[in-house]
>>> print(open('my_file17.txt').read())   # compact mmCIF, C-alpha atoms
# COMPACT_ATOMS: atom_id res chain seq x y z
CA MET A 1 -26.54 45.35 -55.45
CA PRO A 2 -27.10 44.69 -59.20
CA ASP A 3 -29.15 41.61 -60.06
CA LEU A 4 -27.76 38.68 -62.00
CA SER A 5 -29.31 39.78 -65.29
CA GLN A 6 -27.51 43.13 -65.21
CA VAL A 7 -24.23 41.43 -64.40
CA LEU A 8 -24.75 39.17 -67.40
CA LEU A 9 -25.62 42.15 -69.54
CA LEU A 10 -22.43 43.87 -68.45
CA ALA A 11 -20.48 40.74 -69.38
CA VAL A 12 -22.11 40.75 -72.80
CA ALA A 13 -21.27 44.43 -73.20
CA ILE A 14 -17.63 43.76 -72.40
CA ALA A 15 -17.58 40.88 -74.88
CA ILE A 16 -19.12 43.08 -77.55
CA GLY A 17 -16.66 45.85 -76.76
CA TRP A 18 -13.78 43.42 -77.14
CA SER A 19 -15.23 42.26 -80.44
CA LEU A 20 -15.55 45.85 -81.63
CA GLY A 21 -12.00 46.55 -80.59
CA ARG A 22 -10.86 43.59 -82.63
CA TRP A 23 -13.01 43.79 -85.73
CA ASN A 24 -14.02 47.45 -86.06
CA ARG A 25 -10.45 48.55 -86.77
CA GLN A 26 -9.73 51.15 -89.44
CA PRO A 27 -6.17 51.71 -90.68
CA ARG A 28 -4.97 55.28 -90.10
CA ASP A 29 -2.45 55.11 -92.87
CA SER A 30 -1.12 52.83 -95.55
CA GLY A 31 0.95 51.10 -92.91
CA GLY A 32 -2.19 49.49 -91.47
CA SER A 33 -2.47 50.79 -87.90
CA ASP A 34 -4.41 48.53 -85.48
CA ASP A 35 -5.88 51.21 -83.23
CA ALA A 36 -9.46 50.26 -82.33
CA GLN A 37 -12.27 52.72 -83.07
CA PRO A 38 -15.46 51.63 -81.26
CA SER A 39 -18.67 53.08 -82.69
CA THR A 40 -20.65 55.91 -81.14
CA GLN A 41 -23.52 53.49 -80.49
CA TYR A 42 -21.20 51.34 -78.37
CA TYR A 43 -20.37 54.30 -76.10
CA GLN A 44 -24.08 55.10 -75.92
CA GLY A 45 -24.73 51.50 -74.89
CA LEU A 46 -22.22 51.81 -72.04
CA ASN A 47 -23.90 55.02 -70.94
CA PHE A 48 -27.33 53.34 -70.90
CA LEU A 49 -25.94 50.41 -68.90
CA LEU A 50 -24.27 52.69 -66.34
CA HIS A 51 -27.55 54.57 -65.94
CA GLU A 52 -29.37 51.27 -65.24
CA GLN A 53 -31.16 51.11 -68.57
CA PRO A 54 -30.03 47.60 -69.59
CA ASP A 55 -32.83 47.04 -72.12
CA VAL A 56 -31.90 50.12 -74.13
CA ALA A 57 -28.22 49.25 -73.69
CA ILE A 58 -28.67 45.84 -75.26
CA ASP A 59 -30.37 47.31 -78.34
CA SER A 60 -27.58 49.83 -78.69
CA PHE A 61 -24.87 47.21 -78.37
CA VAL A 62 -26.51 44.91 -80.92
CA ASN A 63 -27.01 47.72 -83.40
CA SER A 64 -23.40 48.77 -83.04
CA LEU A 65 -22.00 45.32 -83.80
CA GLU A 66 -21.74 44.24 -87.40
CA VAL A 67 -23.24 40.85 -88.23
CA ASN A 68 -20.69 38.43 -89.67
CA ARG A 69 -19.40 34.98 -88.96
CA ASP A 70 -17.13 36.31 -86.20
CA THR A 71 -19.81 38.25 -84.30
CA LEU A 72 -22.73 35.85 -84.83
CA GLU A 73 -22.17 34.07 -81.50
CA THR A 74 -22.39 37.38 -79.63
CA HIS A 75 -25.75 38.18 -81.24
CA LEU A 76 -27.00 34.68 -80.47
CA ALA A 77 -25.82 34.95 -76.87
CA VAL A 78 -27.78 38.18 -76.41
CA GLY A 79 -30.88 36.58 -77.94
CA THR A 80 -30.59 33.56 -75.65
CA LEU A 81 -30.18 35.84 -72.62
CA LEU A 82 -33.31 37.77 -73.52
CA ARG A 83 -35.29 34.56 -74.03
CA ARG A 84 -34.24 33.23 -70.64
CA LYS A 85 -35.26 36.53 -69.05
CA GLY A 86 -38.71 36.05 -70.58
CA GLU A 87 -38.31 38.84 -73.12
CA VAL A 88 -39.18 36.53 -76.00
CA ASP A 89 -40.43 39.26 -78.34
CA ARG A 90 -37.07 41.02 -78.28
CA ALA A 91 -35.24 37.72 -78.77
CA ILE A 92 -37.41 37.02 -81.81
CA ARG A 93 -36.60 40.48 -83.16
CA ILE A 94 -32.87 39.87 -82.83
CA HIS A 95 -33.01 36.49 -84.56
CA GLN A 96 -35.31 37.74 -87.33
CA ASN A 97 -32.88 40.62 -87.86
CA LEU A 98 -30.06 38.10 -88.27
CA LEU A 99 -32.04 36.15 -90.87
CA ALA A 100 -32.46 39.34 -92.88
CA ARG A 101 -28.69 39.72 -93.27
CA PRO A 102 -27.47 38.41 -96.65
CA ASN A 103 -23.94 37.59 -95.47
CA LEU A 104 -25.00 34.54 -93.40
CA GLY A 105 -25.35 31.13 -94.95
CA GLY A 106 -24.98 27.41 -94.45
CA ASP A 107 -24.72 26.18 -90.88
CA GLN A 108 -24.82 29.70 -89.44
CA LEU A 109 -28.18 30.31 -91.06
CA HIS A 110 -29.48 27.00 -89.70
CA GLN A 111 -28.22 27.92 -86.23
CA VAL A 112 -30.22 31.16 -86.32
CA HIS A 113 -33.28 29.23 -87.51
CA MET A 114 -32.90 26.91 -84.51
CA GLU A 115 -32.71 29.82 -82.06
CA LEU A 116 -35.76 31.42 -83.64
CA ALA A 117 -37.65 28.12 -83.35
CA ARG A 118 -36.75 28.06 -79.64
CA ASP A 119 -38.07 31.60 -79.33
CA TYR A 120 -41.36 30.52 -80.89
CA ILE A 121 -41.62 27.57 -78.49
CA SER A 122 -41.06 29.87 -75.52
CA ALA A 123 -43.70 32.24 -76.88
CA GLY A 124 -46.20 29.41 -77.36
CA LEU A 125 -46.17 29.86 -81.15
CA LEU A 126 -45.88 26.12 -81.67
CA ASP A 127 -47.17 26.05 -85.26
CA ARG A 128 -44.41 28.41 -86.38
CA ALA A 129 -41.81 26.48 -84.42
CA GLU A 130 -43.02 23.19 -85.88
CA ARG A 131 -42.72 24.44 -89.47
CA MET A 132 -39.23 25.81 -88.86
CA LEU A 133 -38.05 22.62 -87.14
CA LYS A 134 -39.41 20.43 -89.93
CA ASP A 135 -37.44 22.52 -92.43
CA LEU A 136 -34.29 22.02 -90.34
CA VAL A 137 -34.85 18.26 -90.26
CA GLN A 138 -34.97 18.22 -94.04
CA GLN A 139 -32.26 20.75 -94.82
CA SER A 140 -29.64 20.51 -92.06
CA PRO A 141 -28.06 17.13 -91.16
CA GLY A 142 -26.06 18.85 -88.42
CA TRP A 143 -29.16 20.21 -86.67
CA ARG A 144 -31.48 17.31 -87.50
CA SER A 145 -31.25 15.54 -84.13
CA THR A 146 -31.76 18.74 -82.13
CA ALA A 147 -34.71 19.74 -84.30
CA LEU A 148 -36.30 16.30 -83.85
CA ARG A 149 -35.98 16.54 -80.08
CA HIS A 150 -37.74 19.91 -80.05
CA LEU A 151 -40.46 18.48 -82.29
CA LEU A 152 -40.82 15.61 -79.84
CA GLU A 153 -41.36 18.11 -77.01
CA ILE A 154 -43.96 20.00 -79.05
CA TYR A 155 -45.96 16.88 -79.93
CA GLN A 156 -45.70 15.70 -76.32
CA ASP A 157 -47.05 18.98 -75.00
CA GLU A 158 -49.80 18.98 -77.63
CA LYS A 159 -50.60 15.30 -76.87
CA GLU A 160 -50.20 14.39 -80.53
CA TRP A 161 -49.02 10.89 -79.70
CA ASP A 162 -48.86 9.43 -83.21
CA SER A 163 -46.68 12.32 -84.37
CA ALA A 164 -44.54 12.00 -81.24
CA ILE A 165 -44.02 8.30 -81.95
CA ASP A 166 -43.04 9.01 -85.57
CA VAL A 167 -40.47 11.58 -84.46
CA GLY A 168 -39.19 9.37 -81.65
CA LYS A 169 -38.56 6.51 -84.07
CA GLN A 170 -36.43 8.84 -86.19
CA LEU A 171 -34.26 9.53 -83.15
CA VAL A 172 -33.59 5.86 -82.46
CA PRO A 173 -30.15 4.71 -83.62
CA LYS A 174 -30.55 2.24 -86.47
CA LYS A 175 -28.70 -0.44 -84.55
CA GLY A 176 -31.19 0.05 -81.72
CA TRP A 177 -33.90 -1.65 -83.71
CA LEU A 178 -31.89 -4.87 -83.52
CA ARG A 179 -32.41 -4.84 -79.75
CA PRO A 180 -36.08 -4.05 -79.00
CA GLY A 181 -36.47 -2.74 -75.49
CA ALA A 182 -32.99 -1.26 -75.30
CA VAL A 183 -32.64 2.25 -73.97
CA SER A 184 -30.84 4.94 -75.95
CA ASP A 185 -28.70 7.62 -74.36
CA ASP A 186 -31.71 9.92 -74.02
CA ASP A 187 -34.30 7.31 -73.07
CA ILE A 188 -36.03 7.50 -76.44
CA PHE A 189 -37.34 3.95 -76.06
CA ARG A 190 -38.82 4.85 -72.69
CA CYS A 191 -40.53 7.88 -74.24
CA LEU A 192 -41.91 5.75 -77.08
CA ALA A 193 -43.31 3.25 -74.58
CA HIS A 194 -45.12 5.96 -72.64
CA PHE A 195 -46.46 7.54 -75.83
CA CYS A 196 -48.02 4.16 -76.65
CA CYS A 197 -49.41 4.00 -73.10
CA GLU A 198 -51.01 7.41 -73.61
CA LYS A 199 -52.69 6.09 -76.75
CA ALA A 200 -53.79 2.99 -74.85
CA ASP A 201 -55.33 5.12 -72.08
CA ILE A 202 -57.42 6.99 -74.67
CA ALA A 203 -58.61 3.73 -76.24
CA TYR A 204 -59.22 2.18 -72.81
CA ALA A 205 -61.41 5.12 -71.77
CA THR A 206 -63.69 4.45 -74.76
CA ASN A 207 -63.81 0.69 -74.06
CA ASP A 208 -61.77 -0.03 -77.17
CA PHE A 209 -59.93 -2.87 -75.46
CA HIS A 210 -58.55 -4.26 -78.73
CA SER A 211 -56.71 -1.03 -79.61
CA ALA A 212 -55.61 -0.51 -76.01
CA ARG A 213 -54.15 -4.02 -75.82
CA ARG A 214 -52.32 -3.50 -79.13
CA ASP A 215 -50.82 -0.19 -77.96
CA LEU A 216 -49.73 -1.66 -74.63
CA LYS A 217 -47.98 -4.58 -76.30
CA GLN A 218 -46.27 -2.09 -78.61
CA ALA A 219 -45.14 -0.15 -75.53
CA LEU A 220 -43.59 -3.28 -74.07
CA SER A 221 -41.81 -3.94 -77.37
CA TYR A 222 -40.09 -0.56 -76.99
CA ASP A 223 -39.35 -1.01 -73.29
CA ARG A 224 -39.84 -4.46 -71.77
CA ASN A 225 -39.55 -2.92 -68.30
CA CYS A 226 -42.33 -0.38 -68.80
CA VAL A 227 -44.24 -0.90 -65.55
CA ARG A 228 -46.98 1.45 -66.64
CA ALA A 229 -47.83 -0.71 -69.66
CA THR A 230 -47.90 -3.84 -67.51
CA ILE A 231 -50.14 -2.30 -64.84
CA THR A 232 -52.58 -0.99 -67.44
CA LEU A 233 -52.60 -4.28 -69.33
CA GLY A 234 -53.30 -6.17 -66.09
CA GLN A 235 -56.19 -3.84 -65.27
CA LEU A 236 -57.53 -4.29 -68.80
CA GLU A 237 -57.49 -8.08 -68.42
CA LEU A 238 -59.18 -7.76 -65.03
CA ASP A 239 -61.92 -5.53 -66.44
CA SER A 240 -62.37 -7.98 -69.32
CA GLY A 241 -62.97 -10.83 -66.88
CA ASN A 242 -59.67 -12.57 -67.69
CA THR A 243 -58.64 -12.99 -64.06
CA GLN A 244 -55.95 -15.58 -64.72
CA ALA A 245 -54.34 -13.37 -67.37
CA ALA A 246 -54.64 -10.40 -65.02
CA ILE A 247 -52.83 -12.25 -62.23
CA LYS A 248 -50.07 -13.35 -64.58
CA THR A 249 -49.65 -9.80 -65.89
CA PHE A 250 -49.66 -8.08 -62.50
CA LYS A 251 -47.03 -10.49 -61.23
CA ARG A 252 -44.60 -9.24 -63.90
CA VAL A 253 -44.28 -5.95 -62.03
CA PHE A 254 -42.22 -7.65 -59.32
CA ASN A 255 -39.54 -8.52 -61.89
CA GLN A 256 -39.77 -5.23 -63.80
CA ASN A 257 -39.45 -2.82 -60.87
CA ARG A 258 -40.32 -3.83 -57.32
CA LEU A 259 -40.84 -0.24 -56.26
CA TYR A 260 -44.17 -0.33 -58.08
CA LEU A 261 -45.47 -3.54 -56.51
CA SER A 262 -47.59 -1.47 -54.14
CA GLU A 263 -49.52 -0.18 -57.17
CA VAL A 264 -50.84 -3.64 -58.07
CA LEU A 265 -51.52 -5.17 -54.65
CA GLU A 266 -55.19 -4.20 -54.60
CA PRO A 267 -56.12 -5.18 -58.20
CA LEU A 268 -54.14 -8.39 -57.74
CA HIS A 269 -56.17 -9.09 -54.60
CA ILE A 270 -59.38 -8.52 -56.53
CA ALA A 271 -58.32 -10.98 -59.23
CA TYR A 272 -57.43 -13.68 -56.69
CA ARG A 273 -60.63 -13.06 -54.75
CA LYS A 274 -62.76 -13.43 -57.88
CA ARG A 275 -61.14 -16.81 -58.42
CA GLY A 276 -61.64 -17.80 -54.78
CA GLU A 277 -57.86 -18.12 -54.31
CA GLU A 278 -57.05 -15.68 -51.53
CA MET A 279 -54.86 -18.21 -49.73
CA GLU A 280 -52.74 -18.52 -52.88
CA TYR A 281 -52.45 -14.75 -52.85
CA LEU A 282 -51.36 -14.87 -49.21
CA SER A 283 -48.61 -17.34 -50.09
CA TYR A 284 -47.47 -15.19 -53.00
CA LEU A 285 -47.25 -12.11 -50.77
CA ARG A 286 -45.24 -13.98 -48.15
CA ALA A 287 -42.70 -14.94 -50.83
CA CYS A 288 -42.56 -11.35 -52.13
CA TYR A 289 -42.12 -9.91 -48.63
CA GLU A 290 -39.26 -12.24 -47.80
CA GLU A 291 -37.41 -11.05 -50.89
CA TYR A 292 -38.57 -7.44 -50.82
CA PRO A 293 -39.86 -6.14 -47.46
CA SER A 294 -42.19 -3.16 -47.83
CA SER A 295 -44.93 -1.53 -45.78
CA SER A 296 -47.53 -2.04 -48.50
CA ILE A 297 -46.91 -5.79 -48.77
CA LEU A 298 -46.77 -6.15 -44.98
CA LEU A 299 -50.09 -4.36 -44.42
CA LYS A 300 -51.79 -6.41 -47.14
CA LEU A 301 -50.38 -9.57 -45.56
CA VAL A 302 -51.68 -8.53 -42.14
CA GLU A 303 -55.10 -7.83 -43.66
CA LEU A 304 -55.28 -11.34 -45.15
CA ILE A 305 -53.91 -13.04 -42.03
CA ASP A 306 -56.45 -11.19 -39.89
CA LYS A 307 -59.22 -12.38 -42.22
CA HIS A 308 -58.21 -16.02 -42.66
CA GLN A 309 -56.11 -16.73 -39.56
CA PRO A 310 -57.76 -15.00 -36.54
CA ASP A 311 -56.81 -15.29 -32.86
CA GLU A 312 -54.43 -12.32 -32.97
CA GLN A 313 -51.99 -14.00 -35.38
CA ALA A 314 -52.00 -10.89 -37.59
CA GLU A 315 -51.02 -8.66 -34.68
CA VAL A 316 -48.22 -10.98 -33.61
CA TYR A 317 -46.93 -11.28 -37.17
CA LEU A 318 -46.98 -7.48 -37.58
CA ALA A 319 -45.06 -6.94 -34.35
CA GLU A 320 -42.41 -9.47 -35.40
CA GLN A 321 -41.90 -7.84 -38.78
CA LEU A 322 -41.71 -4.34 -37.33
CA LYS A 323 -38.80 -5.45 -35.16
CA ARG A 324 -36.96 -6.32 -38.38
CA ARG A 325 -38.04 -3.27 -40.34
CA PRO A 326 -39.84 -0.52 -38.39
CA THR A 327 -42.04 1.89 -40.38
CA LEU A 328 -44.56 4.57 -39.44
CA ARG A 329 -47.32 2.89 -41.45
CA GLY A 330 -46.69 -0.37 -39.62
CA LEU A 331 -46.69 1.39 -36.26
CA LEU A 332 -50.02 3.01 -37.10
CA GLN A 333 -51.49 -0.41 -37.83
CA VAL A 334 -50.24 -1.69 -34.45
CA ILE A 335 -52.11 1.19 -32.77
CA ASN A 336 -55.22 0.32 -34.79
CA PHE A 337 -55.03 -3.20 -33.38
CA GLN A 338 -54.37 -2.06 -29.81
CA ALA A 339 -56.82 0.83 -29.45
CA PRO A 340 -60.11 -1.18 -29.33
CA LYS A 341 -58.69 -3.49 -26.62
CA ALA A 342 -57.12 -0.79 -24.43
CA SER A 343 -58.57 0.70 -21.24
CA ASP A 344 -60.40 4.00 -21.49
CA SER A 345 -57.41 6.12 -20.47
CA ALA A 346 -55.00 4.16 -22.65
CA ARG A 347 -57.43 4.29 -25.58
CA GLU A 348 -57.56 8.06 -25.31
CA ASN A 349 -53.75 8.29 -25.50
CA LEU A 350 -53.64 5.84 -28.38
CA THR A 351 -56.27 7.84 -30.23
CA VAL A 352 -54.15 10.98 -29.92
CA LEU A 353 -51.09 9.11 -31.15
CA GLN A 354 -53.15 7.58 -33.94
CA ARG A 355 -54.29 11.00 -35.11
CA MET A 356 -50.76 12.43 -34.95
CA LEU A 357 -49.30 9.57 -37.01
CA THR A 358 -52.10 9.83 -39.55
CA GLU A 359 -51.53 13.57 -40.02
CA LEU A 360 -47.77 13.04 -40.24
CA LEU A 361 -48.12 10.37 -42.93
CA GLU A 362 -50.64 12.45 -44.89
CA ALA A 363 -48.22 15.37 -44.91
CA LYS A 364 -45.37 13.24 -46.24
CA PRO A 365 -45.08 12.77 -50.03
CA THR A 366 -45.51 9.20 -51.21
CA TYR A 367 -43.89 9.48 -54.65
CA GLN A 368 -40.63 11.05 -55.79
CA CYS A 369 -38.84 11.57 -59.10
CA ASP A 370 -35.36 10.06 -59.05
CA HIS A 371 -34.18 12.53 -61.69
CA CYS A 372 -35.10 15.94 -60.24
CA GLY A 373 -36.41 15.11 -56.74
CA PHE A 374 -39.98 16.33 -57.31
CA ALA A 375 -42.24 14.73 -54.68
CA GLY A 376 -45.98 14.51 -54.18
CA HIS A 377 -48.94 12.34 -53.32
CA GLN A 378 -49.80 11.32 -56.88
CA LEU A 379 -48.00 9.01 -59.27
CA HIS A 380 -47.11 11.08 -62.34
CA TRP A 381 -45.78 9.00 -65.21
CA LEU A 382 -44.49 12.27 -66.69
CA CYS A 383 -42.70 14.28 -64.01
CA PRO A 384 -44.31 17.75 -63.85
CA THR A 385 -40.95 19.37 -63.10
CA CYS A 386 -38.26 17.76 -65.26
CA LYS A 387 -40.58 16.26 -67.91
CA HIS A 388 -38.93 12.84 -67.75
CA TRP A 389 -41.10 9.78 -68.27
CA GLY A 390 -41.29 6.92 -65.79
CA ARG A 391 -38.90 8.35 -63.21
CA THR A 392 -41.44 8.93 -60.40
CA ALA A 393 -41.89 5.98 -58.03
CA PRO A 394 -43.12 5.20 -54.49
CA ILE A 395 -40.77 6.41 -51.76
CA ARG A 396 -38.98 3.76 -49.71
CA GLY A 397 -37.96 4.08 -46.05
CA ALA A 398 -39.38 4.33 -42.56
CA GLU A 399 -41.75 7.13 -43.56
CA GLY A 400 -42.61 5.65 -46.97
CA ASP A 401 -43.13 2.19 -48.33
>>> encode(input="my_file17.txt", output="C-alpha cells")
Amino acid sequence: MPDLSQVLLLAVAIAIGWSLGRWNRQPRDSGGSDDAQPSTQYYQGLNFLLHEQPDVAIDSFVNSLEVNRDTLETHLAVGTLLRRKGEVDRAIRIHQNLLARPNLGGDQLHQVHMELARDYISAGLLDRAERMLKDLVQQSPGWRSTALRHLLEIYQDEKEWDSAIDVGKQLVPKKGWLRPGAVSDDDIFRCLAHFCCEKADIAYATNDFHSARRDLKQALSYDRNCVRATITLGQLELDSGNTQAAIKTFKRVFNQNRLYLSEVLEPLHIAYRKRGEEMEYLSYLRACYEEYPSSSILLKLVELIDKHQPDEQAEVYLAEQLKRRPTLRGLLQVINFQAPKASDSARENLTVLQRMLTELLEAKPTYQCDHCGFAGHQLHWLCPTCKHWGRTAPIRGAEGD
C-alpha cells in the first residue's frame, strides 16, 4: 500500500499534468488548435513515479513545468511538501530556483521569499531566515504580519527577549494600546507578558530585584491576568522580606485564575507564618475552599487544623469534605490518619492501599495544556508541544486537584 507522501506526490503530478495540458499548448495551424502537448520530461516523471522513484519524479515534474504566474502555486506546493517531509535542502533548491527566474515580481516574489525563509527556519539557518524576514517586513505590507510572527518565533526560540518584545509590539493593533491588558486574536499580549517574565527570571536569578520587579510590572501591564508574573512578584517580595506585600500579591492569584491557587499555597503559608498569623491564613483558606473546593486547599486546611486544633478535628473535617467532593489525594490523607491507629492486620492492609494510591497518583499527570492536551508533572509556562504561553494549568477532578 503506498504511503501518504507518494499519494500526495501523485496528486501533485496530476495537478502539474493538468497545468501542462492547459498552458503548454502549441497551435498546429493558423487556426489555433488547442491540443495539449506535454513535455518529454513530464512523461519521464510519470515513469519515475510508477517505478516508485518519487524523488526523481518530483525533480522531473518541476523541471518540465514553466515558471510563470499561473504555475507558481504548483512549484510552491511541491516545495512545501518537500519541507514537510523533512527534505529541506530540496525545498530550498526549488525556492532558490524560483528566485532566479526574471519573470516573477511584486507579491509573487515576496511569497517565494517567505517560503524560502520558512525553509531556512526548518533547516535551523535562523540568521538567514531573520535577514529575509526583516526585508519582507520593510518591503512587503502584505506579508509584514506573517514575517513578524516568524521573527517572533525565532527570537523566542533563541531567547532574545528584548527583540521578541519589540517584534510583538509591532504586531499589536494600534487600538490595542488604548486597552492595556487586552488580548489580541493571537494572544500577542499574553506572549509579551511572558517575554517580560522571562527577563524578570534572568534578573531575579542574579539578585537584581529592581529590574525583576520592573519587568514583572511591565508584564502585568500587558496582561493583568498573567498569573506567572503575580506568582514571581509575590516570591520576590517574600525573598525581600516584604511579607505583607507578598501576602497581598499572592492573594491576587485567586482572582486571576483559581486553577493556579495551589501554586501559591506554600509560599503564602510561609509569609503568614513569618508574621505569626497562621490562624488568619486558616480563615483565608476556609473562605477560598467554600468558594473554590480543591484538594490542595483542603489538604493545607487539614494540615493547619491538625496543628492548631488537635483532638482529631482535622480528620473529622477531612471526612466531611470528602463526602461532598471525593478525591484520591483526600482519600490518601484519610489513610495516613488511620494507619497509625489501626490494629496490626488492618495497618498492613492500609499500608498496601496507601502504597497503591501513592503509585497511582505519581503516575497521573498533574498539569495539562488546555490548547493541545499535553500533560505532565511539571508546570511549563510555554507548552513544549504547541508552543502556546500560559495554557498549562493544574488538572482538576477526582484524580487531580
>>> residues_around(input="my_file17.txt", residues="segment 115-127 of chain A", least_positions_apart="4", cutoff="7 Å", atoms="all atoms listed in the file", output="list in words")
Arg83, Val88, Ala91, Ile92, His95, Gln111, Arg131, Met132, Leu133 and Ile154 of chain A
>>> residues_around(input="my_file17.txt", residues="segment 298-301 of chain A", least_positions_apart="2", cutoff="8 Å", atoms="all atoms listed in the file", output="list in words")
Leu265, Leu282, Leu285, Arg286, Tyr289, Pro293, Ser294, Ser295, Ser296, Glu303, Leu304, Ile305, Leu318, Gly330 and Gln333 of chain A
>>> closest_residue(input="my_file17.txt", among="A:Ser221, A:Gln170, A:Gln96, A:Thr358", to="Leu331 of chain A", atoms="only C-alpha atoms")
A:Thr358
>>> residues_around(input="my_file17.txt", residues="Val227 of chain A", least_positions_apart="3", cutoff="9 Å", atoms="only C-alpha atoms", output="list in words")
Leu220, Arg224, Thr230, Ile231, Thr232, Arg252, Val253, Gln256, Asn257, Tyr260 and Gly390 of chain A
>>> residues_around(input="my_file17.txt", residues="segment 375-389 of chain A", least_positions_apart="2", cutoff="6 Å", atoms="only C-alpha atoms", output="number ranges by chain")
A: 365-368, 391
>>> atom_distance(input="my_file17.txt", atom1="atom CA of Asp135 of chain A", atom2="atom CA of Cys196 of chain A")
26.4 Å
>>> residues_around(input="my_file17.txt", residues="segment 158-164 of chain A", least_positions_apart="6", cutoff="8 Å", atoms="all atoms listed in the file", output="ChimeraX atom specification")
/A:151-152,192,195-196,198-199
>>> closest_residue(input="my_file17.txt", among="A:Gly86, A:Ile247, A:Arg258, A:His210", to="Tyr281 of chain A", atoms="all atoms listed in the file")
A:Ile247
>>> atom_distance(input="my_file17.txt", atom1="atom CA of Ala193 of chain A", atom2="atom CA of Gly168 of chain A")
10.2 Å
>>> closest_residue(input="my_file17.txt", among="A:Leu268, A:Tyr222, A:His110, A:Val78", to="Gln138 of chain A", atoms="all atoms listed in the file")
A:His110
>>> atom_distance(input="my_file17.txt", atom1="atom CA of Gln108 of chain A", atom2="atom CA of Ala147 of chain A")
14.9 Å
>>> axis_aligned_box(input="my_file17.txt", around="segment 241-258 of chain A", padding_each_side="6 Å", output="AutoDock Vina command-line options")
--center_x -51.2 --center_y -9.2 --center_z -62.5 --size_x 35.5 --size_y 24.8 --size_z 22.4
>>> closest_residue(input="my_file17.txt", among="A:Val302, A:Ala219, A:Ala319, A:Ala271", to="Gln244 of chain A", atoms="only C-alpha atoms")
A:Ala271
